[in-house]
Amino acid sequence: MPEFINTRRRNLILGGSAGLLSLPCYANKLFTPRQSAGPFYPDLPMLDDDNDLTQISGKKGIAKGRIAELYGKVIDINGNPLSGVVVEIWQCDFNGRYRHSEDDQSRPMESNFQGFGRNITDDLGRYRFRTIRPVAYPGRTPHIHAAVFRDGMRPFVTQIYVEGEAQNSEDFLFQRIPSILRPMVVADFRPTDNGIVELVANFDFVLMDGVG
Ligand SMILES: [Fe+2]
């Protein structure tokens, strides 16, 4: 089994299971499934688009919410790191509001949350964001939208969910993912005591397209 699929996920997926050939995988390797970008890719002016969503450049305040480091790799289905690719994330703020003109105006925008961030993978395919643990909004379990851009290829778009979140079982988009692939779109937000960072979450993008 390739090392990029961590042991916990592997056990969850493969423990005692048979009939692997019928699973929705590529060459018996699991990949991150694509998901809808949804209607709220930010359309409001960006004051800042760096990889720290908890602080907007030029402002003193810190975003409301549980501050989390989200980090991981972008790799292909064979485990090769994809360096120099752009990773974007966007999510609603602590009030459940996106930086989008058509999101529900009844929820006030939280002025210190950037709502969107961008990072470029390093030589090992690594990316990193500081953000908040995603919160629920009406009709959706907590999630972070993400897109990976590679030259000349269709953007890879998905959503990152929170492991163990009770609302996942009722979320129509999460449930749409074949159960065998659901572990590939969840991140475990684990407690840490690293200053103001309350949680850390590892998430790898395992891309199956573009591999010869
Ligand atoms: Fe969303």
# chains A, B, ... in the order shown; residues from 1 in each chain; ligands from 1
>>> select_by_dssp(residues="segment 6-206 of chain A", states="strand (DSSP E)", output="JSON, numbers by chain")
{"A": [67, 68, 69, 70, 71, 72, 73, 74, 75, 76, 86, 87, 88, 89, 90, 116, 117, 118, 119, 120, 126, 127, 128, 129, 130, 131, 132, 143, 144, 145, 146, 147, 148, 149, 156, 157, 158, 159, 160, 161, 162, 186, 187, 190, 191, 192, 193, 194, 197, 198, 199, 200, 201, 202, 205, 206]}
>>> residues_near_ligand(ligand="ligand 1", cutoff="12 Å", atoms="only C-alpha atoms and all ligand atoms", output="PDB file with C-alpha atoms, in the first residue's frame")
ATOM      1  CA  GLN A  35     -16.890  17.870  -5.610  1.00  0.00           C
ATOM      2  CA  SER A  36     -18.923  20.874  -6.637  1.00  0.00           C
ATOM      3  CA  ALA A  37     -17.387  24.307  -6.091  1.00  0.00           C
ATOM      4  CA  GLY A  38     -20.794  25.501  -4.911  1.00  0.00           C
ATOM      5  CA  PRO A  39     -22.174  28.970  -5.573  1.00  0.00           C
ATOM      6  CA  PHE A  40     -19.950  30.973  -3.235  1.00  0.00           C
ATOM      7  CA  TYR A  41     -16.482  31.171  -4.729  1.00  0.00           C
ATOM      8  CA  PRO A  42     -15.657  34.679  -3.483  1.00  0.00           C
ATOM      9  CA  ILE A  89      -9.332  27.353  -0.216  1.00  0.00           C
ATOM     10  CA  TRP A  90     -12.473  29.286   0.604  1.00  0.00           C
ATOM     11  CA  GLN A  91     -15.002  28.883   3.365  1.00  0.00           C
ATOM     12  CA  CYS A  92     -17.634  30.772   5.313  1.00  0.00           C
ATOM     13  CA  ASP A  93     -16.689  32.794   8.371  1.00  0.00           C
ATOM     14  CA  GLY A  96     -21.661  31.184   8.419  1.00  0.00           C
ATOM     15  CA  ARG A  97     -21.210  33.873   5.763  1.00  0.00           C
ATOM     16  CA  TYR A  98     -19.149  33.616   2.586  1.00  0.00           C
ATOM     17  CA  ARG A  99     -17.335  36.516   0.977  1.00  0.00           C
ATOM     18  CA  HIS A 100     -19.900  36.467  -1.775  1.00  0.00           C
ATOM     19  CA  ASP A 103     -24.812  34.811   0.238  1.00  0.00           C
ATOM     20  CA  GLY A 115     -12.583  33.845   3.658  1.00  0.00           C
ATOM     21  CA  PRO A 134     -15.120  25.217   9.390  1.00  0.00           C
ATOM     22  CA  VAL A 135     -18.564  25.872  10.817  1.00  0.00           C
ATOM     23  CA  ALA A 136     -21.967  24.710   9.653  1.00  0.00           C
ATOM     24  CA  TYR A 137     -24.422  26.968   7.859  1.00  0.00           C
ATOM     25  CA  PRO A 138     -28.062  26.170   7.066  1.00  0.00           C
ATOM     26  CA  GLY A 139     -28.224  23.042   4.957  1.00  0.00           C
ATOM     27  CA  ARG A 140     -24.535  22.086   5.120  1.00  0.00           C
ATOM     28  CA  THR A 141     -22.177  20.298   7.440  1.00  0.00           C
ATOM     29  CA  PRO A 142     -18.879  22.146   8.129  1.00  0.00           C
ATOM     30  CA  HIS A 143     -16.561  22.099   5.116  1.00  0.00           C
ATOM     31  CA  ILE A 144     -13.774  23.960   3.381  1.00  0.00           C
ATOM     32  CA  HIS A 145     -13.845  24.361  -0.390  1.00  0.00           C
ATOM     33  CA  ALA A 146     -10.575  23.731  -2.173  1.00  0.00           C
ATOM     34  CA  THR A 158     -13.297  19.380  -3.913  1.00  0.00           C
ATOM     35  CA  GLN A 159     -14.503  19.974  -0.357  1.00  0.00           C
ATOM     36  CA  ILE A 160     -12.740  19.129   2.897  1.00  0.00           C
ATOM     37  CA  TYR A 161     -14.892  17.825   5.746  1.00  0.00           C
ATOM     38  CA  ASP A 171     -25.101  16.263   4.351  1.00  0.00           C
ATOM     39  CA  PHE A 172     -26.312  15.677   0.805  1.00  0.00           C
ATOM     40  CA  LEU A 173     -22.951  16.419  -0.810  1.00  0.00           C
ATOM     41  CA  PHE A 174     -20.919  14.354   1.630  1.00  0.00           C
TER      42      PHE A 174
END
>>> select_by_dssp(residues="segment 13-211 of chain A", states="alpha helix (DSSP H)", output="ChimeraX atom specification")
/A:13-14,172-176
>>> write_last_selection(atoms="C-alpha atoms", output="PDB file, in the first residue's frame")
ATOM      1  CA  ILE A  13     -11.197   1.269   4.375  1.00  0.00           C
ATOM      2  CA  LEU A  14      -9.620  -2.102   3.918  1.00  0.00           C
ATOM      3  CA  PHE A 172     -26.312  15.677   0.805  1.00  0.00           C
ATOM      4  CA  LEU A 173     -22.951  16.419  -0.810  1.00  0.00           C
ATOM      5  CA  PHE A 174     -20.919  14.354   1.630  1.00  0.00           C
ATOM      6  CA  GLN A 175     -23.334  11.457   1.262  1.00  0.00           C
ATOM      7  CA  ARG A 176     -23.048  11.646  -2.509  1.00  0.00           C
TER       8      ARG A 176
END
>>> atom_distance(atom1="atom CA of Ile132 of chain A", atom2="atom CA of Leu181 of chain A")
24.4 Å
>>> closest_residue(among="A:Asn168, A:Arg118, A:Asn112, A:Met153", to="Lys60 of chain A", atoms="only C-alpha atoms")
A:Asn112
>>> closest_residue(among="A:Phe129, A:Phe205, A:Phe116, A:Phe149", to="Pro45 of chain A", atoms="only C-alpha atoms")
A:Phe116
>>> closest_residue(among="A:Ala201, A:Gly61, A:Val85, A:Ile177", to="Gly152 of chain A", atoms="only C-alpha atoms")
A:Val85
